[in-house]
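Please read the structure below before turning to the comments.
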Amino acid sequence: MTLRISRRGLVPPFIAMDVLRAATEREAAGADIIHLEVGQPGTPAPQQVVEAARRALENDRIGYTDALGIGSLREAIAAHYRAQYGVAVDPAEVVVTTGSSAAFQLGFLAAFEAGDRVGLAVPGYPAYRNILTALGIEPVLIEVGENTHYQLDVDLLAAAGPLDGLIVASPANPTGTMIGPSNLRRLIEYCASQGIRLISDDIYHGITYENEAATARAWGRDAVVINSFSKYYSMTGWRIGWMLVPPDLLRSVECLAQNFYISPPALSQRAAIAAFDCRPELDGHVARYRANRDLLIGTLRAAGLTRFAPADGAFYIYVDISELSGDSEEICRRLLAETGVAITPGRDFDPICGGDWVRLSFAGSTDDIVEASRRLGNWLSRQT
């Protein structure tokens with residue numbers, strides 16, 4: 001008798017991680033690989049964070065914590081909102097999570113029923129739609145493009161039909177585009193008028209180049225706001241994030257967190273408190289990302305690839321390669337095999353038009369970006 005396999009697990013892969021595995025296998029076999037496929041800072045956690053972790057290992061028990069996180073970290077996160085955005089946040093509404101990935105699961109389960117319709121932009125982060133699908137929630141893909149700065153607006157939402165939820169990200173993955181404060185306010189007001197629960201992914205806050213990012217919490221407490229120590233704070237492997245949870249969802253999120261995770265990683269929580277004191281070092285990383293961005297854009301333009309989303313923030317360039325091919329996965333396979341440069345196909349982020357696009361991460365060292373640009377430029381010159 002054949003054993004049944006749950007349909008919940010039959011979601012598409014996170015292709016960026018598949019590319020990472022293929023690139024790592026080549027690297028292990030001796031190939032010289034430059035990783036532009038994953039959104040991971042090329043720098044370790046700040047030294048103050050490492051020292052805080054060392055002290056915790058020496059002096060603390062490193063056991064379970066409160067399911068919502070240790071009080072001192074929740075207070076530090078609340079203080080961050082006052083210092084960074086001028087927004088008062090009650091530490092009781094801060095929930096520490098095992099990375100932003102756990103926060104999405106908790107937020108989706110607490111806010112939505114199976115069968116609910118949740119809108120999201122495409123191109124966009126693939127885990128949104130894949131987690132929603134696994135939970136029996138319908139992802140409503142809303143195409144965005146140059147005319148809306150690759151972001152959602154009220155007109156697009158109105159045309160999408162009835163929605164129970166909406167996910168926004170600013171800066172966004174893979175485009176790097178941002179929602180300005182006035183447009184974010186209009187989205188929040190529209191969602192409030194239509195009974196739509198807004199979930200705002202703020203994971204790339206801090207990594208912006210021309211304008212500061214706005215937080216949905218500035219316009220009320222109804223939105224679920226999600227962030228992480230992974231990107232700006234350069235702590236991807238520490239698996240520590242947070243949520244600002246509306247009061248009506250707080251107990252649901254707490255019970256889910258208790259049962260799913262017991263608590264976030266204790267060592268990472270102790271260390272993360274120190275991250276808020278490291279802004280000069282972290283802003284230095286952002287300056288490097290800006291230089292890397294400009295270098296890659298220059299390489300792409302010189303090679304004739306001139307259509308890409310404005311990289312206002314985050315550390316990605318999302319570029320149209322339709323003049324080369326309509327099969328972004330094949331382009332990425334060839335590029336890895338022929339140059340050792342790993343990038344991610346647009347199909348990961350856009351199942352509709354992603355065959356014409358690829359994403360390049362410029363989060364690594366400038367030396368790596370210089371060498372990747374040289375290889376890309378040479379390879380692209382041979383394709384035309």
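Residue numbers start at 1 in each chain; chains themselves are named A, B, ... in the order of the structure tokens; ligands are numbered from 1 in the order shown.
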
Produce a table with one row for each residue of segment 100-196 of chain A that has an atom at most 12 Å from any atom of segment 319-337 of chain A, each row naming the nearest atom pair and its distance in Å at one decimal; use only C-alpha atoms; arrange rows by chain and rising residue number; format as a tab-separated table.
```
residue	atom	partner	partner_atom	distance
A:Pro123	CA	A:Val319	CA	11.6
A:Gly145	CA	A:Asp320	CA	11.8
A:Glu146	CA	A:Asp320	CA	12.0
A:Pro174	CA	A:Val319	CA	9.7
A:Thr175	CA	A:Val319	CA	8.7
A:Gly176	CA	A:Val319	CA	11.3
```

Using only C-alpha atoms, which residues sit within 6 Å of Gly346 of chain A once same-chain residues fewer than 6 positions away are excluded, as a PDB file with N, CA and C atoms, in the first residue's frame?
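As written to disk, selection.pdb reads:
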```
ATOM      1  N   GLY A 354       8.815  35.823 -14.709  1.00  0.00           N
ATOM      2  CA  GLY A 354      10.170  35.708 -14.185  1.00  0.00           C
ATOM      3  C   GLY A 354      11.173  35.064 -15.099  1.00  0.00           C
ATOM      4  N   GLY A 355      10.712  34.430 -16.174  1.00  0.00           N
ATOM      5  CA  GLY A 355      11.649  33.865 -17.132  1.00  0.00           C
ATOM      6  C   GLY A 355      12.508  34.905 -17.818  1.00  0.00           C
ATOM      7  N   TRP A 357      13.840  37.580 -16.224  1.00  0.00           N
ATOM      8  CA  TRP A 357      14.563  38.372 -15.240  1.00  0.00           C
ATOM      9  C   TRP A 357      15.499  37.497 -14.416  1.00  0.00           C
ATOM     10  N   VAL A 358      16.532  38.122 -13.849  1.00  0.00           N
ATOM     11  CA  VAL A 358      17.408  37.471 -12.873  1.00  0.00           C
ATOM     12  C   VAL A 358      17.665  38.444 -11.725  1.00  0.00           C
TER      13      VAL A 358
END
```

message: Can you pull out the residues contacting segment 84-96 of chain A? Cut-off 6 Å, using only C-alpha atoms, and skip same-chain residues under 6 positions away; I want them as a ChimeraX atom specification.
response: /A:68-69,74-75,78,218,241-245

For N, CA and C atoms, I'd like the residues from the last selection saved as a CSV table (one decimal), in the first residue's frame.
```csv
chain,number,residue,atom,x,y,z
A,68,LEU,N,7.6,34.6,24.1
A,68,LEU,CA,7.6,35.9,23.3
A,68,LEU,C,9.0,36.5,23.3
A,69,GLY,N,10.0,35.9,24.0
A,69,GLY,CA,11.3,36.5,24.0
A,69,GLY,C,11.6,37.1,25.4
A,74,ARG,N,13.0,42.6,24.1
A,74,ARG,CA,11.8,43.2,23.7
A,74,ARG,C,11.8,44.7,24.0
A,75,GLU,N,12.4,45.1,25.2
A,75,GLU,CA,12.5,46.5,25.5
A,75,GLU,C,13.4,47.2,24.6
A,78,ALA,N,11.7,47.8,21.3
A,78,ALA,CA,10.7,48.9,21.4
A,78,ALA,C,11.4,50.3,21.4
A,218,ALA,N,3.8,53.5,12.3
A,218,ALA,CA,3.6,55.0,12.4
A,218,ALA,C,2.1,55.4,12.2
A,241,GLY,N,14.6,37.1,14.9
A,241,GLY,CA,13.8,38.2,14.3
A,241,GLY,C,12.8,38.6,15.3
A,242,TRP,N,11.9,39.5,14.8
A,242,TRP,CA,10.8,40.0,15.7
A,242,TRP,C,9.6,40.4,15.0
A,243,MET,N,8.5,40.6,15.7
A,243,MET,CA,7.2,41.0,15.2
A,243,MET,C,6.7,42.1,16.1
A,244,LEU,N,6.0,43.1,15.5
A,244,LEU,CA,5.1,44.0,16.3
A,244,LEU,C,3.7,43.4,16.1
A,245,VAL,N,3.1,43.0,17.1
A,245,VAL,CA,1.8,42.2,17.0
A,245,VAL,C,0.7,43.1,17.5
```

statement: Shortest contact to Pro345 of chain A, candidates A:Tyr204, A:Phe276, A:Trp238, A:Phe14, atoms counted only C-alpha atoms, goes to A:Phe14

field: DSSP-assigned helix (DSSP H, G or I) among segment 81-268 of chain A, expressed as an NGL selection string
entry: :A and (81-85 or 91-93 or 99-111 or 126-134 or 146-148 or 154-159 or 181-194 or 216-219 or 236-238 or 247-261 or 266-268)

Selection export as a short mmCIF file (atom, residue, chain, number, x, y, z; two decimals), in the first residue's frame, atoms kept: C-alpha atoms:
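The resulting file, part13.cif, is reproduced below:
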```
data_model
loop_
_atom_site.label_atom_id
_atom_site.label_comp_id
_atom_site.auth_asym_id
_atom_site.auth_seq_id
_atom_site.Cartn_x
_atom_site.Cartn_y
_atom_site.Cartn_z
CA TYR A 81 11.31 52.20 17.21
CA ARG A 82 11.30 55.37 19.28
CA ALA A 83 14.90 56.21 18.35
CA GLN A 84 14.70 55.29 14.66
CA TYR A 85 11.13 56.24 13.71
CA PRO A 91 7.39 46.12 24.66
CA ALA A 92 4.45 43.82 25.47
CA GLU A 93 3.52 43.93 21.76
CA GLY A 99 14.08 34.58 12.30
CA SER A 100 11.51 36.41 10.19
CA SER A 101 10.53 33.05 8.66
CA ALA A 102 8.93 31.97 11.94
CA ALA A 103 7.29 35.37 12.23
CA PHE A 104 5.55 34.89 8.88
CA GLN A 105 4.21 31.51 9.95
CA LEU A 106 2.96 32.88 13.25
CA GLY A 107 1.47 35.97 11.64
CA PHE A 108 -0.28 34.09 8.85
CA LEU A 109 -1.72 31.48 11.20
CA ALA A 110 -2.94 34.05 13.72
CA ALA A 111 -4.46 36.42 11.16
CA PRO A 126 8.73 33.46 -2.93
CA ALA A 127 8.38 32.24 0.65
CA TYR A 128 5.32 34.48 1.13
CA ARG A 129 3.24 32.61 -1.40
CA ASN A 130 4.74 29.21 -0.60
CA ILE A 131 4.08 29.47 3.15
CA LEU A 132 0.55 30.73 2.47
CA THR A 133 -0.07 27.82 0.11
CA ALA A 134 1.23 25.29 2.64
CA GLU A 146 7.68 50.24 -13.71
CA ASN A 147 4.44 52.25 -13.70
CA THR A 148 4.02 51.66 -9.94
CA VAL A 154 -4.53 51.23 -3.92
CA ASP A 155 -5.69 50.97 -7.55
CA LEU A 156 -4.03 47.57 -7.95
CA LEU A 157 -5.61 46.36 -4.72
CA ALA A 158 -9.06 47.49 -5.76
CA ALA A 159 -8.69 45.56 -9.04
CA PRO A 181 5.43 57.35 3.35
CA SER A 182 2.37 58.86 1.65
CA ASN A 183 1.73 55.74 -0.43
CA LEU A 184 2.22 53.51 2.61
CA ARG A 185 -0.30 55.59 4.54
CA ARG A 186 -2.82 55.27 1.69
CA LEU A 187 -2.36 51.49 1.64
CA ILE A 188 -2.89 51.32 5.40
CA GLU A 189 -6.01 53.47 5.22
CA TYR A 190 -7.40 51.39 2.33
CA CYS A 191 -6.80 48.14 4.24
CA ALA A 192 -8.52 49.59 7.31
CA SER A 193 -11.54 50.63 5.26
CA GLN A 194 -11.83 47.18 3.62
CA ALA A 216 3.53 50.89 9.14
CA ARG A 217 3.47 51.20 12.93
CA ALA A 218 3.58 54.99 12.45
CA TRP A 219 -0.09 54.82 11.35
CA THR A 236 21.65 35.60 9.21
CA GLY A 237 22.75 32.35 10.85
CA TRP A 238 21.74 33.48 14.33
CA PRO A 247 -3.22 43.50 20.61
CA ASP A 248 -6.06 41.39 19.19
CA LEU A 249 -3.59 38.83 17.81
CA LEU A 250 -1.09 38.76 20.66
CA ARG A 251 -2.46 35.82 22.65
CA SER A 252 -2.94 33.75 19.48
CA VAL A 253 0.65 34.42 18.42
CA GLU A 254 1.88 33.55 21.91
CA CYS A 255 0.04 30.20 21.99
CA LEU A 256 1.24 29.31 18.51
CA ALA A 257 4.82 30.24 19.41
CA GLN A 258 4.67 28.14 22.58
CA ASN A 259 3.56 25.08 20.65
CA PHE A 260 5.64 25.52 17.49
CA TYR A 261 8.96 26.74 18.88
CA ALA A 266 18.29 31.96 23.91
CA LEU A 267 21.91 32.63 22.95
CA SER A 268 20.91 34.67 19.90
#
```

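Interatomic distance, atom CA of Leu152 of chain A against atom CA of Val168 of chain A: 7.6 Å.
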
message: Using only C-alpha atoms, which protein or nucleic acid residues come within 12 Å of Ile179 of chain A? Drop anything in the same chain fewer than 6 positions from it, and give the result as a ChimeraX atom specification.
response: /A:148-153,168-172,185-188,200-202,205,208,211-216,310,312-313

message: When you count only C-alpha atoms, which of these residues is closest to Phe229 of chain A: A:Ala114, A:Val341, A:Leu198, A:Ala271?
response: A:Ala271

- line: Correct to one decimal, the distance atom CA of Leu305 of chain A-atom CA of Tyr318 of chain A is 10.8 Å

message: To test your reading of the structure, identify every residue in segment 126-345 of chain A that backbone DSSP assigns to strand (DSSP E), and report it as an MDAnalysis selection string.
response: chainID A and resid 138:143 165:169 197:201 224:228 241:244 316:320 341:342 344:345

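Atom pair atom CA of Gln40 of chain A / atom CA of Arg293 of chain A has a distance of 14.6 Å (rounded to one decimal).
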
Which of A:Leu3, A:Ile203, A:Leu380, A:Val122 sits closest to Asp348 of chain A [using only C-alpha atoms]: A:Val122
